[in-house]
Amino acid sequence: MQELLEELHQRYLPLREGKLADYIPELAKANPDHFGISLVTAEGQVYQAGDFERKFTIQSISKPFVYGIALEDYGREEVLRRVGVEPTGDPFNSITLDEKSKRPFNPMVNAGAIATSNLIRGTGPADRLNRLMQVFSTYVGHDISADMSVFLSERSTGHRNRAMAHLMLNFQMIGSNVEEILDLYFQQCSLLVTSTDLASMAATLANGGVNPATERRALANEYVRDLLSVMFTCGLYDFSGEWAYRVGLPAKSGVGGGMLAVAPGKLGIGIYSPLLDERGTSVRAIQVCQELSSRLGLHLFDVPFTL
Ligand code: DON
């Protein structure tokens, strides 16, 4: 496994396609050469290659995990009333709500993620942020911190997300504390992780919600399948169908350059490479996930051939 990760790192390091995210000004400062690949098994075995210690902001990869907190805090039916589970076929930042229900289509697009950030219980903004950070710490297995510059950079330029939040306020899908809800959303996006942290988070989901290294539960078992289902159908936005076809694993991308993929019952993959394609997905991460899925036979619908 270690050799395989090193081989993939060597093979895809020269791939220079894609560009850095620049719509959040701070993200444009990333180094395009940085490239980390990590894999953590459901038993807690860790394999890592390249820049696996390099920290970057988690961005949209936070969305499924915050969805998990919302499910624990409000239950499946109440969350479903506020956020759907239908793929959009649209980019992550599209300004659309379901015509009839006025819900965002799913918790993976920005609109849905802002709605789920509103569904974390707490006595106030600090209490809600603490709850969120505690859960993320359990997933990664150590304390987690945020990148203040990225948070402030997105907060001062995130007018599209602000517009989306106001549209949802108009339909009473979120409360009037719009700036507070957006702050929490921007804060969750600016949490700092490494590729190995992402692999640990994915391995925790692969292991039914329990971090295999610390044996601490990050998510109630009954909600693991909800997370994995929406990641499978919506995690890569308007690339989710082709991703399911090619890779066959629930996965989530982020414009910070991170990507995670879950092979249920088996392992978690975490990758960092900040050069993105036009959909905001890491170019090297797509290649590596595709290779790992085919070389390790991870596609969920790969049925072993028997006579
Ligand atoms: O809301 C935003 O635009 C960012 N904080 C997160 C976007 C993101 O990571 C999209 N995923 N590929």
# chains A, B, ... in the order shown; residues from 1 in each chain; ligands from 1
call {"tool": "residues_near_ligand", "arguments": {"ligand": "ligand 1", "cutoff": "8 Å", "atoms": "only C-alpha atoms and all ligand atoms", "output": "number ranges by chain"}}
result
A: 24, 58-61, 92-93, 109-110, 154, 158, 161, 185-186, 189-190, 236, 252-256, 279-281
call {"tool": "closest_atom_pairs", "arguments": {"of": "range 48-133 of chain A", "to": "range 258-273 of chain A", "cutoff": "10 Å", "atoms": "only C-alpha atoms", "output": "tab-separated table"}}
result
residue	atom	partner	partner_atom	distance
A:Gln48	CA	A:Gly270	CA	9.2
A:Ala49	CA	A:Ile271	CA	9.7
A:Gly50	CA	A:Tyr272	CA	9.5
A:Asp51	CA	A:Tyr272	CA	8.0
A:Phe52	CA	A:Tyr272	CA	7.7
A:Glu53	CA	A:Tyr272	CA	10.0
A:Arg54	CA	A:Tyr272	CA	8.4
A:Lys55	CA	A:Tyr272	CA	9.0
A:Phe56	CA	A:Gly258	CA	7.8
A:Thr57	CA	A:Gly258	CA	8.0
A:Ile58	CA	A:Gly258	CA	6.5
A:Gln59	CA	A:Gly258	CA	8.1
A:Ser60	CA	A:Gly258	CA	8.9
A:Ile61	CA	A:Met259	CA	7.1
call {"tool": "closest_atom_pairs", "arguments": {"of": "range 151-191 of chain A", "to": "range 121-145 of chain A", "cutoff": "12 Å", "atoms": "only C-alpha atoms", "output": "Markdown table"}}
result
| residue | atom | partner | partner_atom | distance |
| --- | --- | --- | --- | --- |
| A:Phe151 | CA | A:Ser145 | CA | 11.6 |
| A:Asn177 | CA | A:Pro125 | CA | 10.2 |
| A:Val178 | CA | A:Pro125 | CA | 11.7 |
| A:Glu179 | CA | A:Pro125 | CA | 10.5 |
| A:Glu180 | CA | A:Pro125 | CA | 6.8 |
| A:Ile181 | CA | A:Pro125 | CA | 8.3 |
| A:Leu182 | CA | A:Pro125 | CA | 10.7 |
| A:Asp183 | CA | A:Pro125 | CA | 8.7 |
| A:Leu184 | CA | A:Leu129 | CA | 6.6 |
| A:Tyr185 | CA | A:Leu129 | CA | 9.6 |
| A:Phe186 | CA | A:Leu129 | CA | 10.9 |
| A:Gln187 | CA | A:Leu129 | CA | 8.0 |
| A:Gln188 | CA | A:Leu132 | CA | 7.7 |
| A:Cys189 | CA | A:Ser145 | CA | 11.2 |
| A:Ser190 | CA | A:Ser145 | CA | 8.6 |
| A:Leu191 | CA | A:Ser145 | CA | 5.8 |
call {"tool": "select_by_dssp", "arguments": {"residues": "range 131-228 of chain A", "states": "alpha helix (DSSP H)", "output": "VMD selection string"}}
result
chain A and resid 131 to 140 148 to 157 159 to 170 178 to 189 195 to 206 221 to 228
call {"tool": "closest_residue", "arguments": {"among": "A:Trp243, A:Thr41, A:Pro250, A:Glu77", "to": "Gln287 in chain A", "atoms": "only C-alpha atoms"}}
result
A:Trp243
call {"tool": "atom_distance", "arguments": {"atom1": "CA of Arg160 in chain A", "atom2": "CA of Val283 in chain A"}}
result
24.7 Å
call {"tool": "atom_distance", "arguments": {"atom1": "CA of Gly208 in chain A", "atom2": "CA of Asp226 in chain A"}}
result
11.5 Å
call {"tool": "residues_around", "arguments": {"residues": "Ile120 in chain A", "least_positions_apart": "5", "cutoff": "7 Å", "atoms": "only C-alpha atoms", "output": "list in words"}}
result
Ile69, Ala70, Asp73 and Arg128 of chain A
call {"tool": "write_last_selection", "arguments": {"atoms": "N, CA and C atoms", "output": "PDB file, in the first residue's frame"}}
result
ATOM      1  N   ILE A  69     -23.946  16.560  11.977  1.00  0.00           N
ATOM      2  CA  ILE A  69     -24.273  17.210  13.261  1.00  0.00           C
ATOM      3  C   ILE A  69     -25.749  17.626  13.243  1.00  0.00           C
ATOM      4  N   ALA A  70     -26.196  18.199  12.112  1.00  0.00           N
ATOM      5  CA  ALA A  70     -27.601  18.624  12.000  1.00  0.00           C
ATOM      6  C   ALA A  70     -28.541  17.430  12.203  1.00  0.00           C
ATOM      7  N   ASP A  73     -28.675  16.638  15.807  1.00  0.00           N
ATOM      8  CA  ASP A  73     -29.318  17.673  16.622  1.00  0.00           C
ATOM      9  C   ASP A  73     -30.808  17.831  16.345  1.00  0.00           C
ATOM     10  N   ARG A 128     -22.113  27.078  19.401  1.00  0.00           N
ATOM     11  CA  ARG A 128     -22.302  26.288  18.174  1.00  0.00           C
ATOM     12  C   ARG A 128     -20.963  25.988  17.497  1.00  0.00           C
TER      13      ARG A 128
END
call {"tool": "residues_around", "arguments": {"residues": "Met201 in chain A", "least_positions_apart": "2", "cutoff": "8 Å", "atoms": "only C-alpha atoms", "output": "PDB file with all heavy atoms, in the first residue's frame"}}
result
ATOM      1  N   TYR A 139     -13.415  13.447  14.666  1.00  0.00           N
ATOM      2  CA  TYR A 139     -13.190  12.802  13.360  1.00  0.00           C
ATOM      3  C   TYR A 139     -11.694  12.681  13.059  1.00  0.00           C
ATOM      4  O   TYR A 139     -11.236  11.657  12.564  1.00  0.00           O
ATOM      5  CB  TYR A 139     -13.849  13.606  12.235  1.00  0.00           C
ATOM      6  CG  TYR A 139     -15.308  13.290  11.978  1.00  0.00           C
ATOM      7  CD1 TYR A 139     -16.315  14.192  12.320  1.00  0.00           C
ATOM      8  CD2 TYR A 139     -15.681  12.100  11.342  1.00  0.00           C
ATOM      9  CE1 TYR A 139     -17.653  13.927  12.059  1.00  0.00           C
ATOM     10  CE2 TYR A 139     -17.016  11.828  11.073  1.00  0.00           C
ATOM     11  CZ  TYR A 139     -17.995  12.742  11.426  1.00  0.00           C
ATOM     12  OH  TYR A 139     -19.316  12.469  11.161  1.00  0.00           O
ATOM     13  N   VAL A 140     -10.923  13.765  13.297  1.00  0.00           N
ATOM     14  CA  VAL A 140      -9.499  13.722  12.926  1.00  0.00           C
ATOM     15  C   VAL A 140      -8.633  13.086  14.014  1.00  0.00           C
ATOM     16  O   VAL A 140      -7.515  12.663  13.750  1.00  0.00           O
ATOM     17  CB  VAL A 140      -8.928  15.113  12.547  1.00  0.00           C
ATOM     18  CG1 VAL A 140      -9.664  15.706  11.371  1.00  0.00           C
ATOM     19  CG2 VAL A 140      -8.922  16.075  13.712  1.00  0.00           C
ATOM     20  N   ASP A 197      -5.549  13.936   7.864  1.00  0.00           N
ATOM     21  CA  ASP A 197      -6.780  14.241   8.622  1.00  0.00           C
ATOM     22  C   ASP A 197      -8.005  13.851   7.794  1.00  0.00           C
ATOM     23  O   ASP A 197      -8.959  13.262   8.310  1.00  0.00           O
ATOM     24  CB  ASP A 197      -6.862  15.735   8.944  1.00  0.00           C
ATOM     25  CG  ASP A 197      -5.840  16.169   9.991  1.00  0.00           C
ATOM     26  OD1 ASP A 197      -5.378  15.307  10.767  1.00  0.00           O
ATOM     27  OD2 ASP A 197      -5.509  17.370  10.021  1.00  0.00           O
ATOM     28  N   LEU A 198      -7.976  14.205   6.497  1.00  0.00           N
ATOM     29  CA  LEU A 198      -9.130  13.868   5.632  1.00  0.00           C
ATOM     30  C   LEU A 198      -9.305  12.349   5.547  1.00  0.00           C
ATOM     31  O   LEU A 198     -10.432  11.844   5.597  1.00  0.00           O
ATOM     32  CB  LEU A 198      -8.945  14.448   4.224  1.00  0.00           C
ATOM     33  CG  LEU A 198      -9.005  15.966   4.085  1.00  0.00           C
ATOM     34  CD1 LEU A 198      -8.882  16.367   2.614  1.00  0.00           C
ATOM     35  CD2 LEU A 198     -10.293  16.543   4.675  1.00  0.00           C
ATOM     36  N   ALA A 199      -8.181  11.635   5.429  1.00  0.00           N
ATOM     37  CA  ALA A 199      -8.261  10.173   5.358  1.00  0.00           C
ATOM     38  C   ALA A 199      -8.824   9.606   6.671  1.00  0.00           C
ATOM     39  O   ALA A 199      -9.608   8.647   6.665  1.00  0.00           O
ATOM     40  CB  ALA A 199      -6.892   9.579   5.051  1.00  0.00           C
ATOM     41  N   ALA A 203     -12.054   7.476   7.053  1.00  0.00           N
ATOM     42  CA  ALA A 203     -11.960   6.153   7.686  1.00  0.00           C
ATOM     43  C   ALA A 203     -12.973   6.033   8.829  1.00  0.00           C
ATOM     44  O   ALA A 203     -13.511   4.949   9.090  1.00  0.00           O
ATOM     45  CB  ALA A 203     -10.547   5.919   8.203  1.00  0.00           C
ATOM     46  N   THR A 204     -13.245   7.155   9.501  1.00  0.00           N
ATOM     47  CA  THR A 204     -14.236   7.155  10.586  1.00  0.00           C
ATOM     48  C   THR A 204     -15.615   6.817  10.020  1.00  0.00           C
ATOM     49  O   THR A 204     -16.372   6.028  10.602  1.00  0.00           O
ATOM     50  CB  THR A 204     -14.234   8.526  11.303  1.00  0.00           C
ATOM     51  OG1 THR A 204     -12.940   8.735  11.850  1.00  0.00           O
ATOM     52  CG2 THR A 204     -15.282   8.593  12.401  1.00  0.00           C
ATOM     53  N   LEU A 205     -15.930   7.391   8.855  1.00  0.00           N
ATOM     54  CA  LEU A 205     -17.213   7.057   8.210  1.00  0.00           C
ATOM     55  C   LEU A 205     -17.189   5.607   7.724  1.00  0.00           C
ATOM     56  O   LEU A 205     -18.183   4.881   7.857  1.00  0.00           O
ATOM     57  CB  LEU A 205     -17.492   8.008   7.039  1.00  0.00           C
ATOM     58  CG  LEU A 205     -17.760   9.467   7.415  1.00  0.00           C
ATOM     59  CD1 LEU A 205     -17.926  10.324   6.168  1.00  0.00           C
ATOM     60  CD2 LEU A 205     -19.010   9.584   8.312  1.00  0.00           C
ATOM     61  N   ASN A 211     -13.902   6.776  15.106  1.00  0.00           N
ATOM     62  CA  ASN A 211     -12.523   6.986  14.665  1.00  0.00           C
ATOM     63  C   ASN A 211     -11.725   5.726  15.016  1.00  0.00           C
ATOM     64  O   ASN A 211     -11.622   5.350  16.181  1.00  0.00           O
ATOM     65  CB  ASN A 211     -11.941   8.221  15.373  1.00  0.00           C
ATOM     66  CG  ASN A 211     -10.516   8.504  14.947  1.00  0.00           C
ATOM     67  OD1 ASN A 211      -9.665   7.615  14.950  1.00  0.00           O
ATOM     68  ND2 ASN A 211     -10.250   9.743  14.592  1.00  0.00           N
ATOM     69  N   GLY A 268     -10.474   4.905   4.196  1.00  0.00           N
ATOM     70  CA  GLY A 268     -10.718   6.288   3.806  1.00  0.00           C
ATOM     71  C   GLY A 268      -9.507   6.834   3.069  1.00  0.00           C
ATOM     72  O   GLY A 268      -8.366   6.494   3.397  1.00  0.00           O
TER      73      GLY A 268
END
call {"tool": "closest_residue", "arguments": {"among": "A:Ala42, A:Cys289, A:Met1, A:Cys234", "to": "Asn207 in chain A", "atoms": "only C-alpha atoms"}}
result
A:Ala42
call {"tool": "residues_around", "arguments": {"residues": "Pro64 in chain A", "least_positions_apart": "4", "cutoff": "7 Å", "atoms": "only C-alpha atoms", "output": "list in words"}}
result
Gly68, Met108, Leu227 and Met231 of chain A
call {"tool": "residues_around", "arguments": {"residues": "Val46 in chain A", "least_positions_apart": "5", "cutoff": "9 Å", "atoms": "only C-alpha atoms", "output": "ChimeraX atom specification"}}
result
/A:38-41,196,199-200
call {"tool": "atom_distance", "arguments": {"atom1": "CA of Thr157 in chain A", "atom2": "CA of Pro274 in chain A"}}
result
20.0 Å
call {"tool": "select_by_dssp", "arguments": {"residues": "range 7-223 of chain A", "states": "strand (DSSP E or B)", "output": "list in words"}}
result
Lys19, Gly36, Ile37, Ser38, Leu39, Val40, Thr41, Val46, Tyr47, Gln48, Ala49, Gly50, Phe56, Thr57, Ala146, Leu191, Leu192, Val193, Val210 and Arg217 of chain A
call {"tool": "closest_residue", "arguments": {"among": "A:Leu276, A:Val66, A:Ile37, A:Leu13", "to": "Ser195 in chain A", "atoms": "only C-alpha atoms"}}
result
A:Ile37
call {"tool": "residues_around", "arguments": {"residues": "Leu292 in chain A", "least_positions_apart": "4", "cutoff": "9 Å", "atoms": "only C-alpha atoms", "output": "list in words"}}
result
Leu4, Leu5, Leu8, Val247, Ile269, Gln287, Val288, Leu296, Gly297 and Leu298 of chain A
call {"tool": "closest_residue", "arguments": {"among": "A:Pro32, A:Glu242, A:Gln172, A:Gly44", "to": "Val210 in chain A", "atoms": "only C-alpha atoms"}}
result
A:Gly44
